[in-house]
Amino acid sequence: MVVTKSQSWRICIFSLFFTALNLLSFQTLSAVLDDDRADVLYHSYEGGGMKIDGPAVLLRKKIGESAAVSGYYYVDTISSASVDVLSTASPYIEERKEAQLGLEFLNDKTITAVNLRQSEESDFIAQSVSLDISHDTFGDLTNLALGVSYGSNEIYRNGDTNFAEQSEQVRVRASISQILTRNLITAVNIEAVADSGYLNNPYRTVRFRDETVPARVGYQAERYPNTRNSFASKFSWSYFLPYRAAILGHYRYFNDSWQIKAEDIELVYRQPLFSSWELELKGRYYKQLQAEFYSDLFAYRNAQNYLARDKELSDFDDVTYGIGLTYILPDKYSITGWHSEFGVQWDRIEFNYNNFRDATQEQLAGFESLYSFKADVLRVFASINF
């Protein structure tokens, strides 16, 4: 999948969108279609000179007892004056719109889901289709799931009518979830991804030493391989405490053919308060090693076949801590009898880059301070089950 100007932040926000919509949900293992529901979310990310915000809406409706249809519509607007942009270009503003249509079918203890997705922005169009199959077995204590996705992308460059590239992505995933005791659920997930085509950012540049100019630094376009294969595995667990609380956690490991290796660990504590509130506390640590063709400053022009200075391909780590509060509307106050939840969640993410320097500083290239920044993520949502 191509790495667009703001893709890494949008992936972060979009994954948190579904986390927020399911703030109170622990995944069950019985083959039953989820209830009808409507979710509305406002999200905001701000940090490192970037601001991303916008609304998202998800609707789901069962058709009888064996089928369901769902759809979401997601909009975000990004304004960026990040360190990457300011070092070689001007700040920009853009908008992305994404929509997905999903169908689910229940047959005995097997759920089959098909999803179609399209995402559009001024210089990037993505379309994908996915198929997932989930089956309960061993007395409904075990759930097995398999899935595959195919996506195709069209990449353009604003201001350049002659630039047009394409990329493709295939994802294959599998998972097993197991109820070990009445209080403990564990799961193992694996995913393999194959990307091909134009995989770098058409706007991004690398820098190299150039003694022929006063600044002693030159710039040229990034150049990535046209294939990337990656593999990720995750172990997660949920433990329900005697006093209605729960602890959730996961450990995830990732590596790819670009020699990036990453791991993260997360712990979440959820505690009901009184009869209608739930408090969530979260902590996460992420560590990544750089891509083999990354450098903050190359020795000279065309120093190697592939060149990258995207800080998301560098050696870095980040720490996230967050707090959330959800209000569950008592049934006696619901006019329609629908189950309703309203919540807000805030996360602070602290990024530390170990070999990416702040090129906006007035220092000799290669002697600037290592870059770091903090970001705030806010999500406000309402969820109605009917």
# chains A, B, ... in the order shown; residues from 1 in each chain; ligands from 1
$ residues_around --residues "segment 332-348 of chain A" --least-positions-apart "4" --cutoff "9 Å" --atoms "only C-alpha atoms" --output "PyMOL selection string"
chain A and resi 20+23-24+280+282+319-328+374-386
$ residues_around --residues "segment 159-174 of chain A" --least-positions-apart "6" --cutoff "7 Å" --atoms "only C-alpha atoms" --output "ChimeraX atom specification"
/A:1-2,145-153,189-199
$ write_last_selection --atoms "N, CA, C and O atoms" --output "CSV table (one decimal), in the first residue's frame"
chain,number,residue,atom,x,y,z
A,1,MET,N,0.9,-1.2,0.0
A,1,MET,CA,0.0,0.0,0.0
A,1,MET,C,0.9,1.2,0.0
A,1,MET,O,1.8,1.3,0.7
A,2,VAL,N,0.6,2.2,-0.8
A,2,VAL,CA,1.4,3.4,-0.9
A,2,VAL,C,1.3,4.2,0.4
A,2,VAL,O,0.3,4.2,1.0
A,145,ALA,N,-11.1,-18.1,12.6
A,145,ALA,CA,-11.4,-17.1,11.6
A,145,ALA,C,-10.3,-17.0,10.5
A,145,ALA,O,-9.1,-17.1,10.8
A,146,LEU,N,-10.7,-16.9,9.3
A,146,LEU,CA,-9.8,-16.7,8.1
A,146,LEU,C,-10.3,-15.5,7.3
A,146,LEU,O,-11.6,-15.3,7.2
A,147,GLY,N,-9.4,-14.8,6.7
A,147,GLY,CA,-9.8,-13.7,5.9
A,147,GLY,C,-8.8,-13.4,4.8
A,147,GLY,O,-7.6,-13.7,4.9
A,148,VAL,N,-9.3,-12.7,3.7
A,148,VAL,CA,-8.4,-12.3,2.6
A,148,VAL,C,-9.0,-11.0,2.1
A,148,VAL,O,-10.2,-10.8,2.0
A,149,SER,N,-8.0,-10.1,1.7
A,149,SER,CA,-8.4,-8.8,1.1
A,149,SER,C,-7.6,-8.5,-0.1
A,149,SER,O,-6.4,-8.9,-0.1
A,150,TYR,N,-8.2,-7.8,-1.0
A,150,TYR,CA,-7.4,-7.3,-2.2
A,150,TYR,C,-7.7,-5.9,-2.4
A,150,TYR,O,-8.9,-5.4,-2.3
A,151,GLY,N,-6.7,-5.1,-2.6
A,151,GLY,CA,-6.9,-3.6,-2.8
A,151,GLY,C,-6.1,-3.1,-3.9
A,151,GLY,O,-5.0,-3.6,-4.2
A,152,SER,N,-6.6,-2.1,-4.6
A,152,SER,CA,-5.9,-1.5,-5.7
A,152,SER,C,-5.9,0.0,-5.5
A,152,SER,O,-6.9,0.6,-5.0
A,153,ASN,N,-4.8,0.7,-5.8
A,153,ASN,CA,-4.7,2.1,-5.5
A,153,ASN,C,-4.2,2.9,-6.8
A,153,ASN,O,-3.4,2.4,-7.5
A,189,ASN,N,-3.6,-13.9,16.6
A,189,ASN,CA,-3.9,-13.4,15.3
A,189,ASN,C,-2.6,-13.3,14.5
A,189,ASN,O,-1.6,-12.9,15.0
A,190,ILE,N,-2.6,-13.7,13.2
A,190,ILE,CA,-1.5,-13.6,12.3
A,190,ILE,C,-2.0,-12.9,11.0
A,190,ILE,O,-3.2,-13.1,10.6
A,191,GLU,N,-1.1,-12.2,10.3
A,191,GLU,CA,-1.5,-11.5,9.1
A,191,GLU,C,-0.3,-11.4,8.2
A,191,GLU,O,0.8,-11.0,8.7
A,192,ALA,N,-0.4,-11.8,6.9
A,192,ALA,CA,0.6,-11.6,5.9
A,192,ALA,C,0.1,-10.6,4.9
A,192,ALA,O,-1.0,-10.7,4.4
A,193,VAL,N,1.0,-9.7,4.4
A,193,VAL,CA,0.6,-8.7,3.5
A,193,VAL,C,1.6,-8.6,2.4
A,193,VAL,O,2.8,-8.6,2.6
A,194,ALA,N,1.2,-8.6,1.1
A,194,ALA,CA,2.0,-8.4,0.0
A,194,ALA,C,1.6,-7.2,-0.8
A,194,ALA,O,0.5,-7.1,-1.3
A,195,ASP,N,2.6,-6.2,-0.9
A,195,ASP,CA,2.4,-5.0,-1.6
A,195,ASP,C,3.2,-4.9,-2.8
A,195,ASP,O,4.3,-5.4,-2.9
A,196,SER,N,2.7,-4.4,-3.9
A,196,SER,CA,3.4,-4.2,-5.1
A,196,SER,C,3.0,-3.0,-5.9
A,196,SER,O,1.9,-2.5,-5.7
A,197,GLY,N,3.9,-2.5,-6.7
A,197,GLY,CA,3.7,-1.3,-7.5
A,197,GLY,C,4.4,-0.1,-6.9
A,197,GLY,O,5.5,-0.2,-6.3
A,198,TYR,N,3.8,1.1,-7.1
A,198,TYR,CA,4.4,2.3,-6.6
A,198,TYR,C,4.1,2.5,-5.1
A,198,TYR,O,3.0,2.8,-4.7
A,199,LEU,N,5.1,2.4,-4.2
A,199,LEU,CA,4.9,2.3,-2.8
A,199,LEU,C,5.4,3.5,-2.0
A,199,LEU,O,5.2,3.5,-0.8
$ residues_around --residues "segment 54-65 of chain A" --least-positions-apart "3" --cutoff "10 Å" --atoms "only C-alpha atoms" --output "number ranges by chain"
A: 14, 17-18, 21, 32-45, 68-78, 95-107, 379-386
$ residues_around --residues "Phe351 of chain A" --least-positions-apart "4" --cutoff "6 Å" --atoms "only C-alpha atoms" --output "PyMOL selection string"
chain A and resi 318+372-373
$ select_by_dssp --residues "segment 108-182 of chain A" --states "strand (DSSP E or B)" --output "ChimeraX atom specification"
/A:110-121,124-137,142-157,160-179
$ write_last_selection --atoms "C-alpha atoms" --output "compact mmCIF listing (two decimals), in the first residue's frame"
# COMPACT_ATOMS: atom_id res chain seq x y z
CA THR A 110 -20.39 -19.94 10.64
CA ILE A 111 -20.45 -16.23 9.78
CA THR A 112 -19.32 -15.10 6.32
CA ALA A 113 -18.67 -11.38 5.77
CA VAL A 114 -17.98 -9.48 2.55
CA ASN A 115 -16.88 -5.82 2.57
CA LEU A 116 -16.38 -3.32 -0.25
CA ARG A 117 -14.43 -0.13 0.48
CA GLN A 118 -13.51 3.02 -1.44
CA SER A 119 -11.37 5.95 -0.30
CA GLU A 120 -10.79 9.15 -2.26
CA GLU A 121 -8.66 12.25 -1.93
CA PHE A 124 -5.13 9.08 -4.11
CA ILE A 125 -7.98 6.65 -4.87
CA ALA A 126 -8.17 3.28 -3.13
CA GLN A 127 -10.62 0.42 -3.61
CA SER A 128 -10.68 -2.93 -1.84
CA VAL A 129 -12.77 -6.05 -1.31
CA SER A 130 -12.46 -8.47 1.61
CA LEU A 131 -13.88 -11.86 2.58
CA ASP A 132 -13.89 -13.17 6.16
CA ILE A 133 -15.16 -16.46 7.53
CA SER A 134 -15.61 -17.12 11.25
CA HIS A 135 -16.61 -20.48 12.77
CA ASP A 136 -17.37 -21.58 16.34
CA THR A 137 -16.36 -25.03 17.48
CA THR A 142 -13.25 -21.75 20.33
CA ASN A 143 -13.57 -19.42 17.36
CA LEU A 144 -11.56 -19.87 14.16
CA ALA A 145 -11.40 -17.10 11.56
CA LEU A 146 -9.84 -16.71 8.13
CA GLY A 147 -9.81 -13.67 5.88
CA VAL A 148 -8.41 -12.30 2.64
CA SER A 149 -8.44 -8.80 1.15
CA TYR A 150 -7.44 -7.33 -2.20
CA GLY A 151 -6.89 -3.63 -2.77
CA SER A 152 -5.88 -1.48 -5.72
CA ASN A 153 -4.68 2.12 -5.52
CA GLU A 154 -4.29 4.98 -7.97
CA ILE A 155 -1.63 7.54 -7.03
CA TYR A 156 -1.37 11.02 -8.47
CA ARG A 157 0.66 14.17 -7.75
CA ASP A 160 1.58 17.32 -12.23
CA THR A 161 -0.93 16.02 -14.80
CA ASN A 162 1.64 13.60 -16.25
CA PHE A 163 2.13 11.69 -13.00
CA ALA A 164 -0.01 8.56 -12.50
CA GLU A 165 1.00 5.37 -10.71
CA GLN A 166 -0.67 2.28 -9.31
CA SER A 167 -0.18 -0.20 -6.50
CA GLU A 168 -1.86 -3.38 -5.27
CA GLN A 169 -2.15 -5.11 -1.93
CA VAL A 170 -3.15 -8.62 -0.85
CA ARG A 171 -3.80 -9.42 2.83
CA VAL A 172 -4.27 -12.90 4.30
CA ARG A 173 -5.17 -13.29 7.98
CA ALA A 174 -6.11 -15.98 10.47
CA SER A 175 -7.03 -16.03 14.14
CA ILE A 176 -8.07 -18.34 16.93
CA SER A 177 -9.92 -17.19 20.05
CA GLN A 178 -10.36 -19.40 23.07
CA ILE A 179 -12.37 -19.17 26.29
$ residues_around --residues "Ser236 of chain A" --least-positions-apart "2" --cutoff "12 Å" --atoms "only C-alpha atoms" --output "PyMOL selection string"
chain A and resi 26-27+175-178+184-190+233-234+238-239+247-253+264-268
$ write_last_selection --atoms "N, CA and C atoms" --output "compact mmCIF listing (two decimals), in the first residue's frame"
# COMPACT_ATOMS: atom_id res chain seq x y z
N PHE A 26 -16.63 -6.70 24.71
CA PHE A 26 -15.66 -7.77 24.73
C PHE A 26 -16.11 -8.78 23.68
N GLN A 27 -15.19 -9.21 22.82
CA GLN A 27 -15.58 -10.10 21.73
C GLN A 27 -16.06 -11.44 22.28
N SER A 175 -7.02 -16.23 12.69
CA SER A 175 -7.03 -16.03 14.14
C SER A 175 -7.73 -17.19 14.82
N ILE A 176 -7.39 -17.38 16.08
CA ILE A 176 -8.07 -18.34 16.93
C ILE A 176 -8.30 -17.68 18.28
N SER A 177 -9.54 -17.74 18.75
CA SER A 177 -9.92 -17.19 20.05
C SER A 177 -10.41 -18.33 20.93
N GLN A 178 -10.05 -18.28 22.19
CA GLN A 178 -10.36 -19.40 23.07
C GLN A 178 -10.81 -18.90 24.44
N LEU A 184 -11.38 -15.69 31.59
CA LEU A 184 -10.22 -15.43 30.74
C LEU A 184 -10.48 -15.86 29.30
N ILE A 185 -10.27 -14.91 28.37
CA ILE A 185 -10.35 -15.16 26.93
C ILE A 185 -9.00 -14.79 26.32
N THR A 186 -8.47 -15.66 25.47
CA THR A 186 -7.22 -15.38 24.78
C THR A 186 -7.43 -15.49 23.27
N ALA A 187 -6.52 -14.86 22.52
CA ALA A 187 -6.62 -14.90 21.06
C ALA A 187 -5.23 -14.77 20.45
N VAL A 188 -5.04 -15.43 19.33
CA VAL A 188 -3.82 -15.30 18.54
C VAL A 188 -4.22 -14.92 17.12
N ASN A 189 -3.60 -13.86 16.60
CA ASN A 189 -3.88 -13.37 15.26
C ASN A 189 -2.59 -13.31 14.46
N ILE A 190 -2.63 -13.71 13.20
CA ILE A 190 -1.50 -13.56 12.29
C ILE A 190 -2.00 -12.95 10.99
N SER A 233 2.15 -10.84 13.95
CA SER A 233 1.47 -11.79 14.84
C SER A 233 1.13 -11.06 16.14
N LYS A 234 -0.01 -11.41 16.72
CA LYS A 234 -0.44 -10.73 17.94
C LYS A 234 -1.09 -11.74 18.89
N SER A 238 -8.13 -11.10 27.57
CA SER A 238 -9.08 -10.31 28.35
C SER A 238 -9.38 -11.08 29.63
N TYR A 239 -9.18 -10.43 30.76
CA TYR A 239 -9.43 -11.09 32.04
C TYR A 239 -10.45 -10.27 32.83
N ILE A 247 -9.25 -6.45 32.71
CA ILE A 247 -7.93 -6.06 32.21
C ILE A 247 -7.75 -6.70 30.85
N LEU A 248 -7.36 -5.91 29.86
CA LEU A 248 -7.11 -6.40 28.52
C LEU A 248 -5.68 -6.07 28.13
N GLY A 249 -5.08 -6.91 27.33
CA GLY A 249 -3.72 -6.63 26.89
C GLY A 249 -3.39 -7.34 25.60
N HIS A 250 -2.32 -6.87 24.96
CA HIS A 250 -1.83 -7.57 23.78
C HIS A 250 -0.33 -7.33 23.60
N TYR A 251 0.30 -8.27 22.91
CA TYR A 251 1.68 -8.11 22.44
C TYR A 251 1.68 -8.41 20.95
N ARG A 252 2.30 -7.53 20.17
CA ARG A 252 2.31 -7.68 18.72
C ARG A 252 3.73 -7.55 18.20
N TYR A 253 4.07 -8.42 17.22
CA TYR A 253 5.39 -8.37 16.59
C TYR A 253 5.20 -8.26 15.07
N ASP A 264 4.98 -4.03 19.91
CA ASP A 264 4.28 -3.15 20.83
C ASP A 264 3.52 -3.98 21.85
N ILE A 265 3.31 -3.38 23.00
CA ILE A 265 2.58 -4.00 24.07
C ILE A 265 1.59 -2.98 24.63
N GLU A 266 0.38 -3.43 24.93
CA GLU A 266 -0.67 -2.53 25.41
C GLU A 266 -1.42 -3.18 26.56
N LEU A 267 -1.77 -2.36 27.54
CA LEU A 267 -2.61 -2.79 28.66
C LEU A 267 -3.76 -1.81 28.81
N VAL A 268 -4.97 -2.34 29.02
CA VAL A 268 -6.17 -1.53 29.20
C VAL A 268 -6.89 -2.01 30.45
$ closest_residue --among "A:Asn226, A:Ser66, A:Asn201, A:Ser257" --to "Asp310 of chain A" --atoms "only C-alpha atoms"
A:Asn201
$ decode --residues "segment 142-270 of chain A" --atoms "C-alpha atoms" --output "compact mmCIF listing (two decimals), in the first residue's frame"
# COMPACT_ATOMS: atom_id res chain seq x y z
CA THR A 142 -13.25 -21.75 20.33
CA ASN A 143 -13.57 -19.42 17.36
CA LEU A 144 -11.56 -19.87 14.16
CA ALA A 145 -11.40 -17.10 11.56
CA LEU A 146 -9.84 -16.71 8.13
CA GLY A 147 -9.81 -13.67 5.88
CA VAL A 148 -8.41 -12.30 2.64
CA SER A 149 -8.44 -8.80 1.15
CA TYR A 150 -7.44 -7.33 -2.20
CA GLY A 151 -6.89 -3.63 -2.77
CA SER A 152 -5.88 -1.48 -5.72
CA ASN A 153 -4.68 2.12 -5.52
CA GLU A 154 -4.29 4.98 -7.97
CA ILE A 155 -1.63 7.54 -7.03
CA TYR A 156 -1.37 11.02 -8.47
CA ARG A 157 0.66 14.17 -7.75
CA ASN A 158 -1.14 17.47 -7.41
CA GLY A 159 0.12 19.99 -9.93
CA ASP A 160 1.58 17.32 -12.23
CA THR A 161 -0.93 16.02 -14.80
CA ASN A 162 1.64 13.60 -16.25
CA PHE A 163 2.13 11.69 -13.00
CA ALA A 164 -0.01 8.56 -12.50
CA GLU A 165 1.00 5.37 -10.71
CA GLN A 166 -0.67 2.28 -9.31
CA SER A 167 -0.18 -0.20 -6.50
CA GLU A 168 -1.86 -3.38 -5.27
CA GLN A 169 -2.15 -5.11 -1.93
CA VAL A 170 -3.15 -8.62 -0.85
CA ARG A 171 -3.80 -9.42 2.83
CA VAL A 172 -4.27 -12.90 4.30
CA ARG A 173 -5.17 -13.29 7.98
CA ALA A 174 -6.11 -15.98 10.47
CA SER A 175 -7.03 -16.03 14.14
CA ILE A 176 -8.07 -18.34 16.93
CA SER A 177 -9.92 -17.19 20.05
CA GLN A 178 -10.36 -19.40 23.07
CA ILE A 179 -12.37 -19.17 26.29
CA LEU A 180 -10.00 -20.71 28.81
CA THR A 181 -12.02 -20.04 31.96
CA ARG A 182 -15.19 -18.15 32.81
CA ASN A 183 -13.01 -15.05 33.30
CA LEU A 184 -10.22 -15.43 30.74
CA ILE A 185 -10.35 -15.16 26.93
CA THR A 186 -7.22 -15.38 24.78
CA ALA A 187 -6.62 -14.90 21.06
CA VAL A 188 -3.82 -15.30 18.54
CA ASN A 189 -3.88 -13.37 15.26
CA ILE A 190 -1.50 -13.56 12.29
CA GLU A 191 -1.51 -11.55 9.08
CA ALA A 192 0.62 -11.59 5.93
CA VAL A 193 0.60 -8.66 3.49
CA ALA A 194 2.04 -8.43 -0.04
CA ASP A 195 2.35 -4.95 -1.60
CA SER A 196 3.45 -4.24 -5.15
CA GLY A 197 3.65 -1.26 -7.46
CA TYR A 198 4.42 2.34 -6.58
CA LEU A 199 4.89 2.28 -2.81
CA ASN A 200 6.53 5.59 -1.93
CA ASN A 201 5.30 9.14 -1.53
CA PRO A 202 5.42 11.23 -4.73
CA TYR A 203 6.10 14.42 -2.74
CA ARG A 204 8.77 13.28 -0.31
CA THR A 205 12.51 13.86 -0.75
CA VAL A 206 15.73 12.66 0.86
CA ARG A 207 18.72 14.84 1.61
CA PHE A 208 22.41 14.23 0.91
CA ARG A 209 25.71 15.98 1.54
CA ASP A 210 26.62 18.41 -1.25
CA GLU A 211 29.76 20.49 -0.71
CA THR A 212 29.12 22.43 -3.95
CA VAL A 213 26.29 24.53 -2.44
CA PRO A 214 26.45 26.95 0.53
CA ALA A 215 24.02 24.91 2.65
CA ARG A 216 26.17 21.78 2.05
CA VAL A 217 23.02 19.73 1.57
CA GLY A 218 21.07 18.69 -1.54
CA TYR A 219 17.69 17.04 -2.09
CA GLN A 220 16.35 14.35 -4.42
CA ALA A 221 13.14 12.33 -4.65
CA GLU A 222 12.66 9.26 -2.49
CA ARG A 223 12.94 5.91 -4.27
CA TYR A 224 11.42 2.73 -2.78
CA PRO A 225 11.36 -0.91 -3.89
CA ASN A 226 8.24 -1.85 -5.84
CA THR A 227 7.46 -4.82 -3.58
CA ARG A 228 7.01 -5.23 0.15
CA ASN A 229 6.09 -8.38 2.08
CA SER A 230 5.22 -8.14 5.77
CA PHE A 231 4.11 -10.45 8.55
CA ALA A 232 2.52 -9.64 11.90
CA SER A 233 1.47 -11.79 14.84
CA LYS A 234 -0.44 -10.73 17.94
CA PHE A 235 -1.35 -12.41 21.21
CA SER A 236 -4.17 -10.78 23.17
CA TRP A 237 -6.14 -11.57 26.28
CA SER A 238 -9.08 -10.31 28.35
CA TYR A 239 -9.43 -11.09 32.04
CA PHE A 240 -12.62 -10.26 33.94
CA LEU A 241 -12.07 -9.30 37.57
CA PRO A 242 -14.50 -10.24 40.38
CA TYR A 243 -15.66 -6.67 40.93
CA ARG A 244 -17.01 -6.20 37.36
CA ALA A 245 -13.77 -4.73 36.08
CA ALA A 246 -11.55 -6.15 33.35
CA ILE A 247 -7.93 -6.06 32.21
CA LEU A 248 -7.11 -6.40 28.52
CA GLY A 249 -3.72 -6.63 26.89
CA HIS A 250 -1.83 -7.57 23.78
CA TYR A 251 1.68 -8.11 22.44
CA ARG A 252 2.31 -7.68 18.72
CA TYR A 253 5.39 -8.37 16.59
CA PHE A 254 5.93 -7.15 13.00
CA ASN A 255 8.65 -7.59 10.39
CA ASP A 256 8.89 -7.05 6.65
CA SER A 257 11.12 -7.42 3.61
CA TRP A 258 12.37 -3.85 4.09
CA GLN A 259 14.01 -5.09 7.30
CA ILE A 260 11.66 -3.13 9.55
CA LYS A 261 11.10 -4.90 12.85
CA ALA A 262 8.59 -3.60 15.36
CA GLU A 263 6.84 -4.68 18.53
CA ASP A 264 4.28 -3.15 20.83
CA ILE A 265 2.58 -4.00 24.07
CA GLU A 266 -0.67 -2.53 25.41
CA LEU A 267 -2.61 -2.79 28.66
CA VAL A 268 -6.17 -1.53 29.20
CA TYR A 269 -8.07 -1.41 32.47
CA ARG A 270 -11.86 -0.96 32.46
